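For reference, the structure discussed in these notes is given below.
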Amino acid sequence: MNKLSHTVSEAEVIGVFSGKGGVGKSVFSVNFSIALSQLKKRVLIVDLDIGMGNIEQLVNHPAHCHIADWIKGRLPLNRVIEEGPGHVAFISGGSGLQELFRLDEENLHFFLEQMKLIKNSYDYIIFDFGAGITSDTLQFVLAVHRLILITTPEPTAMADGYSALKMICSKNAGIPLACVVNQVSKAGEGKETWERLSSVCRRFIGADVKWLMALHGDPSVIRSVRAQVPCLLLYPGTRFSIEMRLLARSFIAGENASPGIPVFSSFLNKVRAYFKLSGGD
Ligand SMILES: Nc1ncnc2c1ncn2[C@@H]1O[C@H](COP(=O)(O)OP(=O)(O)OP(=O)(O)O)[C@@H](O)[C@H]1O
Ligand SMILES: [Mg+2]
């Protein structure tokens, strides 16, 4: 696939998840999206952290409308999509997100029809999930084209990440999985963490978790969160930002090398199937 074919293709939906909370999913989602956007990709982040969405705080851009208001009010998409910094668009979770995950059939149809309208407007739609896999989020986690697990080298984060992977693979063994190890403190620590996790996954759940990248624990990230400006924009020269840009490059290179780019309708159809809805695309 060349660059041109990707810009005319349909959006790929990527889910960012973890077992344990606070490992850096939202920081990753925002900065990864900005790095992709700097590589001329069009990115939309959807904040799906139930009850605790905080993308708007991370980018200091209060949203006019949240997912629940949008769905309940049957509002047009331009009311809920915000243009954030770094040319990255986002949909804010806000509170009341349970309503999205416990949609009745009519609301879910509205959500899917609206998503269909933007399938050609973005290269990537990134779902930033809350920590852990709950019965509320499971259907959406299972429906995405690709999942990225964020963990840290801490045994608790790894163990919780493994539990989440086990739950996912018991329902959909075929979903492409990759791992980012965040907040490493020394060279080699990220890859060692991934090797341990991926070998347990291969052995006990038959899952193939691909390696993506290690991101160092970096004080510039903490400063950027406090300043509410994404690290890539506030401190583009720090280790974290350099690693994030490398990650985005190698992610795109990996995608270009692997055949069979998913079509958006496969995401819509899977959501319908998991929610046992009729219709299809
Ligand atoms: N690479 C890093 N270096 C230093 N600090 C980091 C790094 N990544 C994340 N952090 C710190 O971890 C905090 C939590 O990050 P973030 O909010 O992205 O976690 P999360 O996984 O989305 O949490 P939740 O599960 O609550 O949604 C950040 O506010 C930041 O202080
Ligand atoms: Mg988060």
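Identifiers in this document derive from the order of the structure tokens: chains are assigned A, B, ..., residues are numbered from 1 separately in each chain, and ligands are numbered from 1 in order of occurrence.
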Proximity of chain A to ligand 1: per-residue shortest pair, 6 Å limit, only C-alpha atoms and all ligand atoms, as CSV:
```
residue,atom,partner,partner_atom_place_in_ligand_line,distance
A:Gly21,CA,ligand 1,25 (O),3.2
A:Gly22,CA,ligand 1,23 (O),3.3
A:Val23,CA,ligand 1,21 (O),4.0
A:Gly24,CA,ligand 1,18 (O),3.2
A:Lys25,CA,ligand 1,22 (O),3.8
A:Ser26,CA,ligand 1,18 (O),3.6
A:Val27,CA,ligand 1,18 (O),3.7
A:Gly130,CA,ligand 1,27 (O),4.9
A:Ala131,CA,ligand 1,25 (O),4.4
A:Asn182,CA,ligand 1,1 (N),5.5
A:Gln183,CA,ligand 1,1 (N),4.4
A:Leu215,CA,ligand 1,1 (N),5.6
A:His216,CA,ligand 1,1 (N),5.2
A:Gly217,CA,ligand 1,3 (N),3.3
A:Asp218,CA,ligand 1,3 (N),4.0
A:Pro219,CA,ligand 1,4 (C),5.4
A:Val221,CA,ligand 1,4 (C),4.9
A:Ile222,CA,ligand 1,31 (O),4.2
A:Val225,CA,ligand 1,29 (O),5.6
```
So that I have them on file, write out the residues from the current selection with C-alpha atoms, as a PDB file, in the first residue's frame.
```
ATOM      1  CA  GLY A  21      -5.137   2.429  35.481  1.00  0.00           C
ATOM      2  CA  GLY A  22      -2.749   5.340  35.243  1.00  0.00           C
ATOM      3  CA  VAL A  23      -0.182   3.633  33.020  1.00  0.00           C
ATOM      4  CA  GLY A  24      -0.315   6.373  30.371  1.00  0.00           C
ATOM      5  CA  LYS A  25      -3.083   5.448  27.892  1.00  0.00           C
ATOM      6  CA  SER A  26      -4.440   8.965  27.483  1.00  0.00           C
ATOM      7  CA  VAL A  27      -0.996  10.576  27.359  1.00  0.00           C
ATOM      8  CA  GLY A 130     -10.622   3.315  30.499  1.00  0.00           C
ATOM      9  CA  ALA A 131      -8.517   0.888  32.529  1.00  0.00           C
ATOM     10  CA  ASN A 182       5.572   3.030  28.984  1.00  0.00           C
ATOM     11  CA  GLN A 183       7.625   4.655  31.735  1.00  0.00           C
ATOM     12  CA  LEU A 215       8.722   4.943  26.045  1.00  0.00           C
ATOM     13  CA  HIS A 216      10.946   6.236  28.818  1.00  0.00           C
ATOM     14  CA  GLY A 217       9.574   7.768  31.969  1.00  0.00           C
ATOM     15  CA  ASP A 218      10.378  11.404  31.294  1.00  0.00           C
ATOM     16  CA  PRO A 219       9.827  14.444  33.567  1.00  0.00           C
ATOM     17  CA  VAL A 221       5.643  14.326  30.287  1.00  0.00           C
ATOM     18  CA  ILE A 222       4.663  15.219  33.841  1.00  0.00           C
ATOM     19  CA  VAL A 225       0.374  17.204  31.711  1.00  0.00           C
TER      20      VAL A 225
END
```
Please list as a PyMOL selection string every residue within 9 Å of Ser33 of chain A, counting only C-alpha atoms and excluding residues in the same chain fewer than 6 positions away. chain A and resi 41-45+86+88+124+126+248
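Checking A:Phe264, A:Tyr122, A:Phe28, A:Phe240 one by one against Ser185 of chain A, counting only C-alpha atoms, you find the shortest gap at A:Phe240.
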Requested in this report: Among the residues of segment 67-244 of chain A, find those DSSP assigns to helix (DSSP H, G or I) from the backbone and print them as an MDAnalysis selection string.
Outcome: chainID A and resid 67:73 77:79 85:87 98:101 105:117 138:143 155:171 189:205 219:227 231:234 239:244
Restricting the output to C-alpha atoms, write the selected residues as a compact mmCIF listing (two decimals), in the first residue's frame.
```
# COMPACT_ATOMS: atom_id res chain seq x y z
CA ILE A 67 -20.80 11.81 23.59
CA ALA A 68 -23.93 11.28 25.69
CA ASP A 69 -25.37 14.74 24.77
CA TRP A 70 -24.59 14.10 21.11
CA ILE A 71 -26.35 10.76 21.05
CA LYS A 72 -29.27 11.79 23.23
CA GLY A 73 -29.80 15.02 21.28
CA LEU A 77 -21.25 15.32 14.20
CA ASN A 78 -19.78 18.78 13.90
CA ARG A 79 -21.31 19.57 17.31
CA PRO A 85 -4.01 21.06 19.18
CA GLY A 86 -1.59 19.51 16.71
CA HIS A 87 -4.36 19.13 14.09
CA GLN A 98 -22.45 4.44 30.34
CA GLU A 99 -25.30 5.51 28.11
CA LEU A 100 -23.16 4.92 25.07
CA PHE A 101 -22.16 1.48 26.21
CA GLU A 105 -30.91 -0.27 19.51
CA GLU A 106 -32.02 3.12 18.20
CA ASN A 107 -29.15 4.97 19.86
CA LEU A 108 -26.63 2.44 18.66
CA HIS A 109 -27.90 2.77 15.08
CA PHE A 110 -27.52 6.54 15.37
CA PHE A 111 -23.96 6.14 16.67
CA LEU A 112 -22.99 3.73 13.88
CA GLU A 113 -24.62 5.81 11.13
CA GLN A 114 -22.76 8.87 12.37
CA MET A 115 -19.45 6.98 12.48
CA LYS A 116 -20.07 5.87 8.91
CA LEU A 117 -20.25 9.53 7.82
CA LEU A 138 -16.08 -5.19 25.82
CA GLN A 139 -18.17 -4.99 22.63
CA PHE A 140 -16.33 -1.90 21.45
CA VAL A 141 -12.92 -3.33 22.40
CA LEU A 142 -13.66 -6.47 20.40
CA ALA A 143 -14.88 -4.58 17.34
CA PRO A 155 4.50 -6.53 37.74
CA THR A 156 1.02 -5.30 38.73
CA ALA A 157 0.55 -3.51 35.39
CA MET A 158 1.80 -6.56 33.51
CA ALA A 159 -0.45 -8.94 35.45
CA ASP A 160 -3.50 -6.75 34.88
CA GLY A 161 -2.56 -6.34 31.21
CA TYR A 162 -2.37 -10.11 30.89
CA SER A 163 -5.83 -10.52 32.46
CA ALA A 164 -7.28 -7.99 30.02
CA LEU A 165 -5.64 -9.77 27.07
CA LYS A 166 -6.98 -13.09 28.28
CA MET A 167 -10.51 -11.74 28.44
CA ILE A 168 -10.22 -10.23 24.93
CA CYS A 169 -8.69 -13.34 23.37
CA SER A 170 -11.33 -15.60 24.90
CA LYS A 171 -13.90 -13.69 22.83
CA GLU A 189 13.64 -2.77 30.13
CA GLY A 190 10.75 -2.27 27.70
CA LYS A 191 11.64 -5.14 25.44
CA GLU A 192 12.28 -7.46 28.40
CA THR A 193 8.83 -6.57 29.78
CA TRP A 194 7.22 -7.30 26.42
CA GLU A 195 9.16 -10.56 26.01
CA ARG A 196 7.93 -11.82 29.38
CA LEU A 197 4.34 -10.78 28.72
CA SER A 198 4.19 -12.00 25.14
CA SER A 199 5.69 -15.39 25.93
CA VAL A 200 3.09 -15.97 28.68
CA CYS A 201 0.36 -14.85 26.26
CA ARG A 202 1.60 -17.19 23.53
CA ARG A 203 1.87 -20.11 25.92
CA PHE A 204 -1.35 -19.79 27.90
CA ILE A 205 -3.79 -17.97 25.63
CA PRO A 219 9.83 14.44 33.57
CA SER A 220 8.81 16.46 30.50
CA VAL A 221 5.64 14.33 30.29
CA ILE A 222 4.66 15.22 33.84
CA ARG A 223 5.39 18.91 33.18
CA SER A 224 3.35 18.82 29.97
CA VAL A 225 0.37 17.20 31.71
CA ARG A 226 0.49 19.96 34.33
CA ALA A 227 0.76 22.62 31.62
CA CYS A 231 4.47 16.84 25.34
CA LEU A 232 5.11 16.58 21.61
CA LEU A 233 4.11 20.22 21.19
CA LEU A 234 5.55 21.69 24.40
CA ARG A 239 13.36 11.80 24.92
CA PHE A 240 9.65 10.95 25.17
CA SER A 241 8.79 13.10 22.14
CA ILE A 242 11.62 11.66 20.07
CA GLU A 243 10.56 8.11 20.97
CA MET A 244 6.92 8.89 20.20
```
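Neighbouring residues of Leu149 of chain A at 6 Å or closer, counting only C-alpha atoms and skipping chain neighbours under 5 positions away, are Phe17, Ser18 and Cys179 of chain A.
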Can you write just those residues out, C-alpha atoms, as a CSV table (one decimal), in the first residue's frame?
```csv
chain,number,residue,atom,x,y,z
A,17,PHE,CA,-6.3,-0.2,26.5
A,18,SER,CA,-4.6,-1.4,29.7
A,179,CYS,CA,2.2,-3.6,23.1
```
Using only C-alpha atoms, the residue out of A:Gly84, A:Ala63, A:Gly15, A:Ser265 with shortest distance to Pro230 of chain A is A:Gly84
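Here atom CA of Ile55 of chain A and atom CA of Glu255 of chain A stand 25.7 Å from one another.
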Counting only C-alpha atoms, the residue among A:Ile252, A:Val180, A:Ile81, A:Leu48 that lies closest to Ile118 of chain A is A:Ile81
- Close residues, Gln57 of chain A itself excluded, 8 Å, only C-alpha atoms, min 4 positions apart in chain, as a ChimeraX atom specification: /A:61-62,228
Suppose we keep C-alpha atoms; can you now write the selection as a PDB file, in the first residue's frame?
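Wrote result_2.pdb, looks like this:
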```pdb
ATOM      1  CA  HIS A  61      -9.679  22.419  25.139  1.00  0.00           C
ATOM      2  CA  PRO A  62     -13.066  22.280  26.882  1.00  0.00           C
ATOM      3  CA  GLN A 228      -2.117  20.946  29.706  1.00  0.00           C
TER       4      GLN A 228
END
```
**Backbone-only DSSP, strand (DSSP E or B) members of segment 16-145 of chain A, as a VMD selection string** = chain A and resid 16 to 17 43 to 48 66 81 to 83 89 to 92 124 to 129
Given the selection you just returned, output its residues as a file containing C-alpha atoms, formatted as a short mmCIF file (atom, residue, chain, number, x, y, z; two decimals), in the first residue's frame.
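The new file again04.cif reads:
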```cif
data_model
loop_
_atom_site.label_atom_id
_atom_site.label_comp_id
_atom_site.auth_asym_id
_atom_site.auth_seq_id
_atom_site.Cartn_x
_atom_site.Cartn_y
_atom_site.Cartn_z
CA VAL A 16 -5.80 1.82 23.32
CA PHE A 17 -6.31 -0.18 26.51
CA VAL A 43 -6.60 11.41 13.32
CA LEU A 44 -9.68 11.49 15.54
CA ILE A 45 -9.47 10.50 19.21
CA VAL A 46 -12.65 9.24 20.85
CA ASP A 47 -12.48 9.41 24.63
CA LEU A 48 -14.18 6.25 25.84
CA HIS A 66 -19.94 15.21 25.03
CA ILE A 81 -16.00 16.79 17.11
CA GLU A 82 -13.53 19.32 18.49
CA GLU A 83 -10.38 20.47 16.72
CA ALA A 89 -9.65 16.09 16.35
CA PHE A 90 -11.33 14.57 19.38
CA ILE A 91 -14.70 13.58 20.75
CA SER A 92 -14.94 14.14 24.47
CA TYR A 124 -7.07 6.63 12.16
CA ILE A 125 -9.80 6.75 14.79
CA ILE A 126 -8.27 6.12 18.20
CA PHE A 127 -10.48 4.86 21.02
CA ASP A 128 -8.95 5.75 24.38
CA PHE A 129 -10.55 3.21 26.72
#
```
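Considering only C-alpha atoms and all ligand atoms, the residue among A:Leu212, A:Leu36, A:Ala11, A:Leu58 positioned nearest to ligand 2 is A:Leu58.
The residue that comes closest to ligand 2, out of A:Ala35, A:Met52, A:Val13, A:Val181 and on the basis of only C-alpha atoms and all ligand atoms, is A:Met52.
Of the residues under consideration (A:Pro176, A:Gly53, A:Gly206, A:Gly132), A:Gly53 shows the shortest atom-to-atom contact distance to ligand 2 when counting only C-alpha atoms and all ligand atoms.
Across the structure, atom CA of Val209 of chain A and atom CA of Leu177 of chain A are spaced 5.0 Å apart.
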Correct to one decimal, the distance atom 1 (Mg, counted along the ligand's line) of ligand 2-atom CA of Asn54 of chain A is 6.4 Å
